[in-house]
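J.: Following this line is protein_18.cif, made up of mmCIF, C-alpha atoms:
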data_model
loop_
_atom_site.label_atom_id
_atom_site.label_comp_id
_atom_site.auth_asym_id
_atom_site.auth_seq_id
_atom_site.Cartn_x
_atom_site.Cartn_y
_atom_site.Cartn_z
CA MET A 1 4.03 -0.32 6.11
CA LYS A 2 1.53 2.55 5.83
CA THR A 3 0.54 4.39 8.99
CA ASP A 4 -3.16 3.48 8.88
CA GLU A 5 -2.17 -0.12 8.30
CA LYS A 6 0.02 0.08 11.39
CA LYS A 7 -2.89 1.42 13.41
CA THR A 8 -5.25 -1.38 12.41
CA ASP A 9 -2.50 -3.88 13.21
CA GLU A 10 -2.13 -2.29 16.63
CA ARG A 11 -5.89 -2.55 17.32
CA PHE A 12 -5.81 -6.10 16.05
CA ARG A 13 -3.02 -6.98 18.48
CA VAL A 14 -4.87 -5.48 21.43
CA MET A 15 -8.03 -7.40 20.48
CA ILE A 16 -6.24 -10.77 20.24
CA SER A 17 -4.34 -10.10 23.46
CA ASN A 18 -7.62 -9.30 25.27
CA VAL A 19 -9.35 -12.42 23.93
CA LEU A 20 -6.44 -14.52 25.22
CA ARG A 21 -6.36 -12.75 28.59
CA LEU A 22 -10.10 -13.23 29.06
CA GLY A 23 -9.90 -16.93 28.15
CA VAL A 24 -6.89 -17.62 30.35
CA SER A 25 -8.29 -15.72 33.37
CA LEU A 26 -11.72 -17.33 33.12
CA SER A 27 -10.09 -20.74 32.85
CA ALA A 28 -7.80 -20.12 35.85
CA ILE A 29 -10.71 -18.88 38.00
CA LEU A 30 -12.82 -21.95 37.16
CA ILE A 31 -9.88 -24.28 37.84
CA ILE A 32 -9.27 -22.71 41.26
CA ILE A 33 -12.99 -22.79 42.22
CA GLY A 34 -13.24 -26.38 40.97
CA GLY A 35 -10.14 -27.34 42.94
CA VAL A 36 -11.53 -25.90 46.17
CA LEU A 37 -14.89 -27.62 45.58
CA PHE A 38 -13.12 -30.90 44.86
CA PHE A 39 -11.11 -30.85 48.10
CA ILE A 40 -14.28 -29.97 50.08
CA GLN A 41 -16.28 -32.74 48.41
CA HIS A 42 -13.52 -35.38 48.56
CA PRO A 43 -11.18 -34.46 51.42
CA ASP A 44 -9.47 -37.84 51.64
CA THR A 45 -8.94 -38.89 48.05
CA VAL A 46 -5.94 -41.15 47.46
CA PHE A 47 -4.07 -40.13 44.33
CA ASP A 48 -2.94 -42.91 42.08
CA TYR A 49 -2.00 -42.19 38.52
CA ALA A 50 0.46 -45.09 38.15
CA THR A 51 -1.95 -47.12 36.04
CA PHE A 52 -4.08 -45.65 33.32
CA LYS A 53 -7.81 -46.18 33.73
CA SER A 54 -9.38 -43.67 31.34
CA GLU A 55 -11.42 -40.86 32.86
CA PRO A 56 -15.15 -41.59 33.44
CA SER A 57 -17.38 -40.41 30.61
CA LYS A 58 -18.73 -37.56 32.73
CA LEU A 59 -15.25 -36.04 32.44
CA LYS A 60 -14.75 -36.83 28.76
CA ASP A 61 -17.96 -35.74 27.08
CA ILE A 62 -18.38 -31.98 26.62
CA VAL A 63 -22.16 -31.99 27.25
CA LEU A 64 -21.78 -34.10 30.40
CA ILE A 65 -18.92 -31.89 31.66
CA LEU A 66 -21.15 -28.82 31.26
CA ARG A 67 -24.10 -30.48 32.99
CA ASN A 68 -21.99 -31.66 35.96
CA ALA A 69 -20.18 -28.35 36.24
CA PHE A 70 -23.50 -26.58 36.68
CA SER A 71 -24.35 -28.93 39.51
CA PHE A 72 -21.02 -27.88 41.11
CA SER A 73 -19.12 -31.13 40.86
CA GLY A 74 -15.55 -30.01 41.62
CA ARG A 75 -13.88 -32.15 38.99
CA ALA A 76 -16.35 -31.11 36.29
CA VAL A 77 -15.78 -27.43 37.10
CA ILE A 78 -11.99 -27.94 36.70
CA GLN A 79 -12.60 -29.81 33.46
CA LEU A 80 -14.74 -26.92 32.19
CA GLY A 81 -11.87 -24.55 32.98
CA LEU A 82 -9.50 -26.83 31.03
CA LEU A 83 -11.95 -26.89 28.11
CA ILE A 84 -11.96 -23.10 28.01
CA LEU A 85 -8.15 -23.11 28.09
CA ILE A 86 -8.00 -25.65 25.24
CA SER A 87 -10.34 -23.48 23.18
CA THR A 88 -8.19 -20.31 23.49
CA PRO A 89 -5.92 -21.14 20.49
CA PHE A 90 -9.01 -21.93 18.45
CA LEU A 91 -10.63 -18.63 19.47
CA ARG A 92 -7.58 -16.62 18.53
CA VAL A 93 -7.53 -18.16 15.05
CA LEU A 94 -11.24 -17.34 14.75
CA PHE A 95 -10.69 -13.74 15.89
CA SER A 96 -7.70 -13.42 13.53
CA LEU A 97 -10.02 -14.40 10.69
CA ILE A 98 -12.47 -11.68 11.72
CA GLY A 99 -9.60 -9.19 12.05
CA PHE A 100 -8.18 -9.97 8.60
CA ALA A 101 -11.71 -9.73 7.14
CA ILE A 102 -12.15 -6.26 8.67
CA GLU A 103 -8.77 -5.27 7.19
CA LYS A 104 -9.99 -6.69 3.86
CA ASP A 105 -6.78 -8.68 3.65
CA ARG A 106 -7.97 -11.37 1.22
CA ILE A 107 -4.78 -13.45 1.18
CA TYR A 108 -4.83 -13.78 4.95
CA VAL A 109 -8.55 -14.43 5.18
CA PHE A 110 -7.82 -17.36 2.87
CA ILE A 111 -4.75 -18.55 4.83
CA THR A 112 -6.51 -18.23 8.21
CA GLY A 113 -9.56 -19.95 6.75
CA ILE A 114 -7.42 -22.99 5.85
CA VAL A 115 -5.98 -23.16 9.39
CA LEU A 116 -9.45 -22.80 10.92
CA VAL A 117 -10.94 -25.55 8.75
CA VAL A 118 -8.11 -27.99 9.51
CA LEU A 119 -8.25 -27.13 13.21
CA SER A 120 -12.04 -27.57 13.46
CA PHE A 121 -11.74 -30.80 11.55
CA SER A 122 -9.23 -32.23 14.01
CA LEU A 123 -10.97 -30.79 17.09
CA PHE A 124 -14.51 -31.87 16.35
CA GLY A 125 -14.07 -34.36 13.48
CA MET B 1 -0.15 -35.51 49.19
CA GLY B 2 1.03 -31.99 50.02
CA ILE B 3 4.54 -32.74 48.77
CA TYR B 4 3.19 -34.42 45.64
CA PHE B 5 1.30 -31.27 44.73
CA ALA B 6 4.19 -29.02 45.66
CA ILE B 7 6.55 -30.90 43.29
CA LEU B 8 3.91 -30.79 40.58
CA PHE B 9 3.38 -27.06 41.00
CA VAL B 10 7.07 -26.11 41.11
CA GLY B 11 7.89 -28.38 38.14
CA ALA B 12 5.05 -26.80 36.18
CA LEU B 13 6.26 -23.33 37.09
CA ILE B 14 9.73 -24.10 35.69
CA ALA B 15 8.21 -25.72 32.61
CA GLY B 16 6.11 -22.62 31.91
CA LEU B 17 9.08 -20.33 32.46
CA LEU B 18 11.48 -22.23 30.18
CA GLY B 19 8.76 -23.02 27.66
CA SER B 20 7.79 -19.39 27.15
CA LEU B 21 11.40 -18.13 27.12
CA THR B 22 12.57 -20.55 24.44
CA GLY B 23 9.37 -20.97 22.42
CA LEU B 24 9.49 -24.74 22.96
CA GLY B 25 6.40 -25.18 25.14
CA GLY B 26 6.56 -26.99 28.45
CA GLY B 27 6.07 -30.58 27.30
CA ILE B 28 9.75 -31.48 27.42
CA ILE B 29 9.76 -30.95 31.17
CA ILE B 30 6.24 -32.04 32.15
CA VAL B 31 6.37 -35.52 30.61
CA PRO B 32 9.62 -36.69 32.32
CA LEU B 33 8.62 -34.95 35.57
CA LEU B 34 5.36 -36.89 35.69
CA THR B 35 6.55 -40.25 34.38
CA ILE B 36 10.05 -40.55 35.85
CA GLY B 37 9.66 -38.19 38.80
CA LEU B 38 6.18 -39.02 40.08
CA GLY B 39 5.50 -42.41 38.49
CA VAL B 40 2.46 -41.25 36.55
CA ASP B 41 1.27 -43.37 33.62
CA ILE B 42 2.52 -42.04 30.27
CA LYS B 43 -1.03 -41.53 28.97
CA TYR B 44 -1.96 -39.20 31.81
CA ALA B 45 1.43 -37.52 31.42
CA VAL B 46 0.88 -36.88 27.72
CA GLY B 47 -2.64 -35.53 28.33
CA THR B 48 -1.42 -33.23 31.09
CA SER B 49 1.52 -32.09 28.99
CA LEU B 50 -0.82 -31.17 26.14
CA VAL B 51 -2.87 -28.95 28.43
CA ALA B 52 0.37 -27.48 29.79
CA VAL B 53 1.59 -26.59 26.29
CA ILE B 54 -1.66 -24.74 25.58
CA ALA B 55 -1.38 -22.94 28.92
CA THR B 56 2.22 -21.88 28.12
CA SER B 57 1.24 -20.70 24.67
CA SER B 58 -1.83 -18.68 25.64
CA GLY B 59 -0.39 -17.43 28.94
CA ALA B 60 2.76 -16.00 27.35
CA ALA B 61 0.96 -14.79 24.23
CA VAL B 62 -1.10 -12.31 26.26
CA SER B 63 2.10 -10.24 26.70
CA TYR B 64 3.99 -11.19 23.53
CA VAL B 65 1.07 -10.22 21.31
CA LYS B 66 0.44 -6.94 23.09
CA GLU B 67 4.11 -5.93 22.97
CA GLY B 68 4.34 -6.76 19.28
CA LEU B 69 6.88 -9.58 19.52
CA THR B 70 4.57 -12.12 17.91
CA ASN B 71 4.29 -11.87 14.14
CA PHE B 72 0.71 -12.88 13.33
CA ARG B 73 1.11 -13.16 9.62
CA ILE B 74 4.19 -15.36 9.84
CA ALA B 75 2.43 -17.51 12.45
CA MET B 76 -0.69 -17.93 10.34
CA PHE B 77 1.22 -18.48 7.10
CA LEU B 78 3.40 -21.18 8.67
CA GLU B 79 0.50 -22.80 10.50
CA THR B 80 -0.83 -23.98 7.14
CA ALA B 81 2.44 -25.94 6.88
CA THR B 82 2.40 -27.38 10.41
CA THR B 83 -1.26 -28.43 10.34
CA VAL B 84 -0.92 -30.11 6.94
CA GLY B 85 2.32 -31.69 8.12
CA ALA B 86 0.61 -32.99 11.26
CA ILE B 87 -2.04 -34.73 9.17
CA CYS B 88 0.64 -36.28 6.96
CA GLY B 89 2.52 -37.34 10.08
CA ALA B 90 -0.49 -39.11 11.54
CA ALA B 91 -0.98 -40.91 8.21
CA LEU B 92 2.72 -41.82 7.97
CA ALA B 93 2.76 -43.27 11.48
CA ALA B 94 1.57 -46.58 10.09
CA ILE B 95 4.34 -46.82 7.48
CA ILE B 96 7.48 -45.33 9.05
CA SER B 97 9.14 -46.75 12.13
CA SER B 98 9.30 -44.07 14.76
CA TRP B 99 12.81 -44.99 16.01
CA SER B 100 14.52 -44.01 12.78
CA LEU B 101 12.79 -40.63 12.86
CA MET B 102 13.63 -40.11 16.51
CA ILE B 103 17.31 -40.67 15.78
CA VAL B 104 17.31 -38.47 12.68
CA PHE B 105 15.51 -35.63 14.43
CA GLY B 106 17.62 -36.13 17.54
CA VAL B 107 20.83 -35.69 15.55
CA LEU B 108 19.32 -32.65 13.85
CA LEU B 109 18.62 -31.18 17.29
CA LEU B 110 22.18 -31.80 18.48
CA TYR B 111 23.46 -30.05 15.38
CA SER B 112 21.09 -27.10 15.93
CA ALA B 113 22.08 -26.88 19.58
CA PHE B 114 25.73 -26.63 18.54
CA ASN B 115 24.86 -24.12 15.82
CA SER B 116 22.74 -21.96 18.07
CA PHE B 117 25.41 -21.94 20.75
CA LYS B 118 28.11 -21.04 18.24
CA ASN B 119 26.05 -18.13 16.89
CA ARG B 120 24.88 -16.91 20.27
CA LYS B 121 26.61 -13.57 19.82
CA THR B 122 25.27 -12.78 16.37
CA GLU B 123 22.22 -10.61 16.43
CA PHE B 124 20.01 -10.98 13.39
CA LEU B 125 20.80 -8.96 10.26
CA SER B 126 18.85 -5.75 9.97
CA ILE B 127 16.96 -5.05 6.75
CA ASN B 128 19.68 -2.89 5.22
CA GLU B 129 22.39 -5.48 5.69
CA GLN B 130 20.50 -8.21 3.89
CA GLY B 131 20.08 -6.50 0.53
CA ILE B 132 16.49 -7.51 -0.13
CA LYS B 133 15.05 -7.89 -3.58
CA GLU B 134 12.14 -5.58 -4.25
CA ASN B 135 8.71 -7.14 -4.50
CA SER B 136 9.77 -10.35 -2.86
CA PHE B 137 7.23 -12.95 -1.85
CA ALA B 138 7.66 -11.98 1.79
CA GLU B 139 6.68 -8.44 0.92
CA LYS B 140 3.57 -9.62 -0.90
CA LEU B 141 2.56 -11.66 2.15
CA LYS B 142 3.46 -8.74 4.42
CA LEU B 143 5.66 -10.99 6.57
CA ASP B 144 8.24 -8.33 7.35
CA GLY B 145 7.70 -6.48 10.58
CA THR B 146 9.12 -4.49 13.43
CA TYR B 147 9.70 -5.43 17.03
CA PRO B 148 10.57 -3.51 20.17
CA VAL B 149 14.15 -3.90 21.44
CA SER B 150 13.53 -1.37 24.19
CA PRO B 151 10.44 0.73 24.95
CA GLY B 152 9.79 3.08 22.05
CA ASN B 153 12.65 1.68 19.98
CA ASN B 154 11.43 -0.59 17.19
CA ILE B 155 13.68 -2.43 14.75
CA SER B 156 12.58 -3.65 11.33
CA TYR B 157 13.25 -7.19 10.24
CA HIS B 158 12.79 -9.20 7.08
CA ALA B 159 11.70 -12.79 6.61
CA SER B 160 14.01 -14.54 4.16
CA HIS B 161 14.17 -18.09 2.75
CA LEU B 162 10.42 -18.63 2.93
CA CYS B 163 10.66 -21.90 1.01
CA GLY B 164 13.19 -23.43 3.37
CA GLY B 165 11.30 -22.20 6.41
CA TYR B 166 8.03 -23.56 5.06
CA LEU B 167 9.55 -26.99 4.38
CA MET B 168 11.03 -27.08 7.89
CA MET B 169 7.57 -26.27 9.27
CA ILE B 170 6.05 -29.16 7.32
CA LEU B 171 8.71 -31.36 8.92
CA ALA B 172 7.87 -29.93 12.36
CA GLY B 173 4.21 -30.72 11.70
CA ILE B 174 4.99 -34.27 10.57
CA LEU B 175 7.06 -34.77 13.70
CA SER B 176 4.27 -33.59 16.00
CA GLY B 177 1.73 -35.73 14.13
CA LEU B 178 4.00 -38.77 14.39
CA LEU B 179 5.51 -38.45 17.83
CA GLY B 180 3.52 -35.67 19.47
CA ILE B 181 6.69 -33.97 20.72
CA GLY B 182 9.50 -31.63 19.84
CA SER B 183 7.73 -29.57 17.22
CA GLY B 184 8.42 -26.33 19.10
CA ALA B 185 12.18 -26.78 18.71
CA PHE B 186 11.91 -27.12 14.93
CA LYS B 187 9.58 -24.14 14.72
CA VAL B 188 12.16 -21.92 16.41
CA ILE B 189 14.94 -23.36 14.24
CA ALA B 190 12.91 -22.74 11.08
CA MET B 191 12.31 -19.10 11.97
CA ASP B 192 15.59 -18.22 13.66
CA THR B 193 18.14 -20.19 11.66
CA ILE B 194 16.49 -20.52 8.24
CA MET B 195 14.25 -17.47 7.92
CA LYS B 196 16.74 -15.21 9.76
CA LEU B 197 14.16 -13.65 12.07
CA PRO B 198 15.26 -12.09 15.36
CA PHE B 199 15.47 -14.75 18.09
CA LYS B 200 12.86 -13.09 20.30
CA VAL B 201 10.40 -12.86 17.41
CA SER B 202 11.06 -16.53 16.54
CA SER B 203 10.55 -17.59 20.11
CA ALA B 204 7.35 -15.57 20.65
CA THR B 205 5.90 -16.63 17.29
CA SER B 206 6.73 -20.31 17.87
CA ASN B 207 5.17 -20.01 21.29
CA PHE B 208 2.04 -18.61 19.65
CA MET B 209 1.92 -21.46 17.11
CA ILE B 210 2.40 -24.43 19.44
CA GLY B 211 -0.95 -23.66 21.08
CA VAL B 212 -2.74 -24.30 17.80
CA THR B 213 -0.77 -27.48 17.14
CA ALA B 214 -1.60 -28.78 20.62
CA ALA B 215 -5.27 -27.76 20.46
CA ALA B 216 -5.61 -29.76 17.25
CA SER B 217 -5.02 -33.01 19.13
CA ALA B 218 -6.75 -31.99 22.38
CA GLY B 219 -10.16 -33.27 21.26
CA VAL B 220 -8.80 -36.77 20.76
CA TYR B 221 -6.97 -36.77 24.10
CA LEU B 222 -10.03 -35.58 25.98
CA SER B 223 -12.29 -38.21 24.46
CA ARG B 224 -9.73 -40.95 25.20
CA GLY B 225 -9.74 -39.85 28.85
CA TYR B 226 -6.06 -38.78 29.01
CA ILE B 227 -6.86 -35.45 30.66
CA ASP B 228 -7.32 -35.80 34.41
CA PRO B 229 -8.78 -32.68 36.08
CA VAL B 230 -6.97 -32.92 39.43
CA LEU B 231 -3.56 -33.67 37.90
CA SER B 232 -4.00 -30.96 35.25
CA MET B 233 -5.20 -28.42 37.80
CA MET B 234 -1.88 -28.01 39.60
CA VAL B 235 0.11 -28.17 36.38
CA VAL B 236 -1.98 -25.54 34.58
CA LEU B 237 -1.85 -23.09 37.48
CA GLY B 238 1.93 -23.53 37.79
CA VAL B 239 2.50 -23.24 34.05
CA LEU B 240 0.34 -20.12 33.73
CA ILE B 241 2.29 -18.29 36.43
CA GLY B 242 5.59 -19.53 34.94
CA SER B 243 4.76 -18.55 31.37
CA MET B 244 3.48 -15.10 32.27
CA THR B 245 6.67 -14.48 34.26
CA GLY B 246 8.74 -15.88 31.39
CA ALA B 247 7.11 -13.51 28.92
CA ARG B 248 8.07 -10.53 31.08
CA VAL B 249 11.63 -11.83 31.52
CA LEU B 250 12.11 -12.41 27.77
CA MET B 251 11.33 -8.84 26.87
CA ARG B 252 14.07 -7.56 29.16
CA SER B 253 16.69 -10.23 28.66
CA ASN B 254 19.75 -10.40 26.50
CA THR B 255 19.37 -12.44 23.29
CA LYS B 256 22.76 -14.06 23.90
CA ILE B 257 21.61 -15.60 27.19
CA LEU B 258 18.31 -16.71 25.65
CA LYS B 259 20.19 -18.48 22.86
CA VAL B 260 22.41 -20.29 25.35
CA VAL B 261 19.34 -21.45 27.32
CA PHE B 262 17.70 -22.49 24.07
CA SER B 263 20.71 -24.50 22.88
CA LEU B 264 21.02 -26.24 26.26
CA VAL B 265 17.35 -27.25 26.26
CA ILE B 266 17.41 -28.58 22.69
CA LEU B 267 20.68 -30.38 23.41
CA LEU B 268 18.92 -32.29 26.21
CA LEU B 269 15.89 -32.84 23.98
CA GLY B 270 18.13 -34.22 21.22
CA ILE B 271 19.89 -36.62 23.60
CA GLU B 272 16.51 -37.74 24.97
CA MET B 273 15.16 -38.39 21.48
CA ILE B 274 18.21 -40.40 20.40
CA ARG B 275 18.03 -42.38 23.65
CA ASN B 276 14.35 -43.17 23.06
CA GLY B 277 15.08 -44.15 19.47
CA ILE B 278 17.82 -46.57 20.56
CA LEU B 279 15.61 -47.99 23.32
CA ASP B 280 12.95 -48.63 20.67
CA ILE B 281 15.42 -50.65 18.56
CA ILE B 282 16.59 -52.73 21.52
CA ARG B 283 13.01 -53.58 22.39
#
Translate the structure of the given file into structure tokens.

T.:
Amino acid sequence: MKTDEKKTDERFRVMISNVLRLGVSLSAILIIIGGVLFFIQHPDTVFDYATFKSEPSKLKDIVLILRNAFSFSGRAVIQLGLLILISTPFLRVLFSLIGFAIEKDRIYVFITGIVLVVLSFSLFG
Amino acid sequence: MGIYFAILFVGALIAGLLGSLTGLGGGIIIVPLLTIGLGVDIKYAVGTSLVAVIATSSGAAVSYVKEGLTNFRIAMFLETATTVGAICGAALAAIISSWSLMIVFGVLLLYSAFNSFKNRKTEFLSINEQGIKENSFAEKLKLDGTYPVSPGNNISYHASHLCGGYLMMILAGILSGLLGIGSGAFKVIAMDTIMKLPFKVSSATSNFMIGVTAAASAGVYLSRGYIDPVLSMMVVLGVLIGSMTGARVLMRSNTKILKVVFSLVILLLGIEMIRNGILDIIR
């Protein structure tokens, strides 16, 4: 591998690592804040997960999760943190695409593009 | 309630640790812990496990990527195989009975466990020992790389048998699309055993890939209401701490020990899959 190619790869690695660190930290902070809020708001909740009764739509729909999180509902804040966590793999594919485009690596822009399309299709489709 | 959360947290910690060390993700531990250990409904367990796998993947990748253990190009190249495989798997689910697959894949895992244990002492072959053809496909795709064995000491490696590795990845994808489990094991096997990559690179790269595979089905799980915030909260926090610790441990540990841990975990996974397959027939 050429030296300048090695350098861009190095920068690329640092960028992806930072994107992941930011996503994971933000998610963890929101989950902790949400958890504290939840136990303040519902101090004597009985936990029963033995039978499945799907989550209420305010914890399933992305728009509703956002709206409830901004009104400081503990569970919605946790759910927002989980959403950010779930989006980290998607973000790193997106940033890889940008990275490969900057490196003008056509083959990998194409390969990453395929992964991104399939991933978006299954995430939002 | 305190004990409930303590078990959840400690279990998640172990799952994150083992998941990031072996490249398998934490699902193998989270699902039985929740269903058998705590009596949680399988749907909640699967939803929580999915979030846990993403947490393991992203948590460990922060270090693996920075240290240069993860090979981006190999990950991206093979992800085209796993994602396409996953779609095929979901389509095949209607035609193929899952028990036969569980038994076939289970036996394959037992074989790989044996194989991996037997070869625990063999380090991978360095570039010079392999006698690589010039202008190979791997070179064109820039899949070869270097990785640090100790600070400042990088070793070059070569990706061989791309075809075989790619086919194995399609299989791993089909498996995750069909059954939603065990794809991490086949990713490591494809890279370590077939493509002859160093074990640590295989593990870190598999770890990187499973996040994408899991994220692909997260949308569906969320909209079906499988992801409970309070249950996931403890698991995610435990897994994140576990996987970040695991990533640090991996960089310093001996490949031989990692391979033994890996073969033990996939041995258990194989037995579990065969057991589930047989239970399916009896029912």

J.: Of the candidates B:Phe199, B:Tyr4, B:Tyr64, B:Tyr44, which one gets nearest to Asp228 in chain B if we count only C-alpha atoms?

T.: B:Tyr44

J.: Using all atoms listed in the file for the distances, tell me which of B:Ala12, B:Ala214, B:Met191, B:Val46 is nearest to chain A.

T.: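 Counting all atoms listed in the file, the residue closest to chain A is B:Ala214.
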
J.: Can you list, as a PyMOL selection string, every protein, DNA or RNA residue that comes within 10 Å of range 142-151 of chain B when you count only C-alpha atoms, leaving out same-chain residues fewer than 2 positions away?

T.: (chain A and resi 1+108) or (chain B and resi 67-75+77+127+136-140+153-160+162+197-198+200-201+251-254)

J.: Within 7 Å of chain B, which residues of chain A show up when using all atoms listed in the file, listed as a ChimeraX atom specification?

T.: /A:13-14,17,20-21,24,28,31,49-52,54-55,60-61,75,78-79,85-86,88-90,111-112,114-115,118-119,122-124

J.: Might you spell out which residues the PyMOL selection byres ((chain A and resi 66) around 12) would select in the displayed file, as a ChimeraX atom specification?

T.: /A:58-65,67-84

J.: Could you turn the residues from that selection into a file that holds C-alpha atoms, as a compact mmCIF listing (two decimals), in the coordinates of the input?

T.:
# COMPACT_ATOMS: atom_id res chain seq x y z
CA LYS A 58 -18.73 -37.56 32.73
CA LEU A 59 -15.25 -36.04 32.44
CA LYS A 60 -14.75 -36.83 28.76
CA ASP A 61 -17.96 -35.74 27.08
CA ILE A 62 -18.38 -31.98 26.62
CA VAL A 63 -22.16 -31.99 27.25
CA LEU A 64 -21.78 -34.10 30.40
CA ILE A 65 -18.92 -31.89 31.66
CA ARG A 67 -24.10 -30.48 32.99
CA ASN A 68 -21.99 -31.66 35.96
CA ALA A 69 -20.18 -28.35 36.24
CA PHE A 70 -23.50 -26.58 36.68
CA SER A 71 -24.35 -28.93 39.51
CA PHE A 72 -21.02 -27.88 41.11
CA SER A 73 -19.12 -31.13 40.86
CA GLY A 74 -15.55 -30.01 41.62
CA ARG A 75 -13.88 -32.15 38.99
CA ALA A 76 -16.35 -31.11 36.29
CA VAL A 77 -15.78 -27.43 37.10
CA ILE A 78 -11.99 -27.94 36.70
CA GLN A 79 -12.60 -29.81 33.46
CA LEU A 80 -14.74 -26.92 32.19
CA GLY A 81 -11.87 -24.55 32.98
CA LEU A 82 -9.50 -26.83 31.03
CA LEU A 83 -11.95 -26.89 28.11
CA ILE A 84 -11.96 -23.10 28.01

J.: Expressed in Å to a single decimal, how great is the separation between CA of Val235 in chain B and CA of Gly26 in chain B?

T.: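 Separation between CA of Val235 in chain B and CA of Gly26 in chain B: 10.3 Å.
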
J.: Neighbouring residues of Ala185 in chain B were defined as those with any atom within 8 Å, considering all atoms listed in the file; residues of the same chain fewer than 5 positions away were excluded. Please report them as JSON, numbers by chain.

T.: {"B": [23, 24, 109, 266]}

J.: For Val188 in chain B, which residue out of B:Asn276, B:Ser112, B:Thr56, B:Thr48 is the nearest one, using all atoms listed in the file?

T.: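 Closest residue, counting all atoms listed in the file: B:Ser112.
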
J.: Measure the distance from CA of Gly25 in chain B to CA of Gly242 in chain B in Å and round it to one decimal.

T.: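 Distance between the two atoms: 11.3 Å.
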
J.: Please define a box with edges along x, y and z of the file around all atoms of range 17-24 of chain A given in the file, extend it by 4 Å on each side, and return its centre and edge lengths in Å to one decimal, as AutoDock Vina command-line options.

T.:
--center_x -7.2 --center_y -13.5 --center_z 26.9 --size_x 13.8 --size_y 16.3 --size_z 14.9

J.: Around (-6.3, -1.7, 14.7) in the file's own coordinates, what residues are found within 12 Å if you use all atoms listed in the file, given back as a PyMOL selection string?

T.: (chain A and resi 3-16+96+99-100+102-103) or (chain B and resi 66)

J.: Could you please determine the separation between CA of Leu17 in chain B and CA of Thr205 in chain B in Å, to one decimal place?

T.: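 Separation between CA of Leu17 in chain B and CA of Thr205 in chain B: 15.9 Å.
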
J.: Quick one: everything within 12 Å of Gly177 in chain B, counting only C-alpha atoms, minus sequence neighbours fewer than 2 positions away in the same chain. Send it as a PyMOL selection string.

T.: (chain A and resi 122) or (chain B and resi 82-94+98+170-175+179-183+213-214+216-217)

J.: Looking at all atoms listed in the file, which of A:Asp105, A:Gly34, A:Gly23, A:Val117 is the one that sits closest to Arg92 in chain A?

T.: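 Checking each candidate against Arg92 in chain A, we get A:Gly23 as the closest.
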
J.: Translate the PyMOL selection byres ((chain B and resi 256) around 10) into a concrete residue list for this structure, as an NGL selection string.

T.: :B and (116-117 or 119-123 or 199 or 253-255 or 257-262)

J.: Just range 37-72 of chain A from the block, C-alpha atoms, as a compact mmCIF listing (two decimals), in the first residue's frame, could you?

T.:
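Okay, decode.txt is ready:
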# COMPACT_ATOMS: atom_id res chain seq x y z
CA LEU A 37 -36.66 9.84 34.94
CA PHE A 38 -38.59 6.58 34.63
CA PHE A 39 -37.88 5.49 38.21
CA ILE A 40 -38.83 8.98 39.49
CA GLN A 41 -42.06 9.00 37.47
CA HIS A 42 -43.03 5.38 38.20
CA PRO A 43 -41.36 4.37 41.48
CA ASP A 44 -43.49 1.29 42.07
CA THR A 45 -43.81 -0.34 38.67
CA VAL A 46 -44.26 -4.11 38.74
CA PHE A 47 -42.17 -5.77 36.06
CA ASP A 48 -43.83 -8.52 34.11
CA TYR A 49 -42.41 -9.62 30.82
CA ALA A 50 -43.70 -13.21 30.98
CA THR A 51 -46.43 -12.55 28.44
CA PHE A 52 -45.93 -10.51 25.33
CA LYS A 53 -48.23 -7.53 24.97
CA SER A 54 -46.58 -5.40 22.27
CA GLU A 55 -45.28 -1.99 23.32
CA PRO A 56 -47.78 0.92 23.12
CA SER A 57 -47.56 2.88 19.88
CA LYS A 58 -45.95 5.82 21.66
CA LEU A 59 -42.91 3.57 22.07
CA LYS A 60 -43.01 2.08 18.58
CA ASP A 61 -43.45 5.04 16.27
CA ILE A 62 -40.34 7.16 15.70
CA VAL A 63 -42.24 10.48 15.54
CA LEU A 64 -44.19 9.70 18.72
CA ILE A 65 -41.00 8.60 20.52
CA LEU A 66 -39.38 11.93 19.64
CA ARG A 67 -42.42 13.94 20.74
CA ASN A 68 -42.71 12.10 24.09
CA ALA A 69 -38.97 12.25 24.71
CA PHE A 70 -39.09 16.03 24.44
CA SER A 71 -41.81 16.11 27.06
CA PHE A 72 -39.44 14.10 29.30
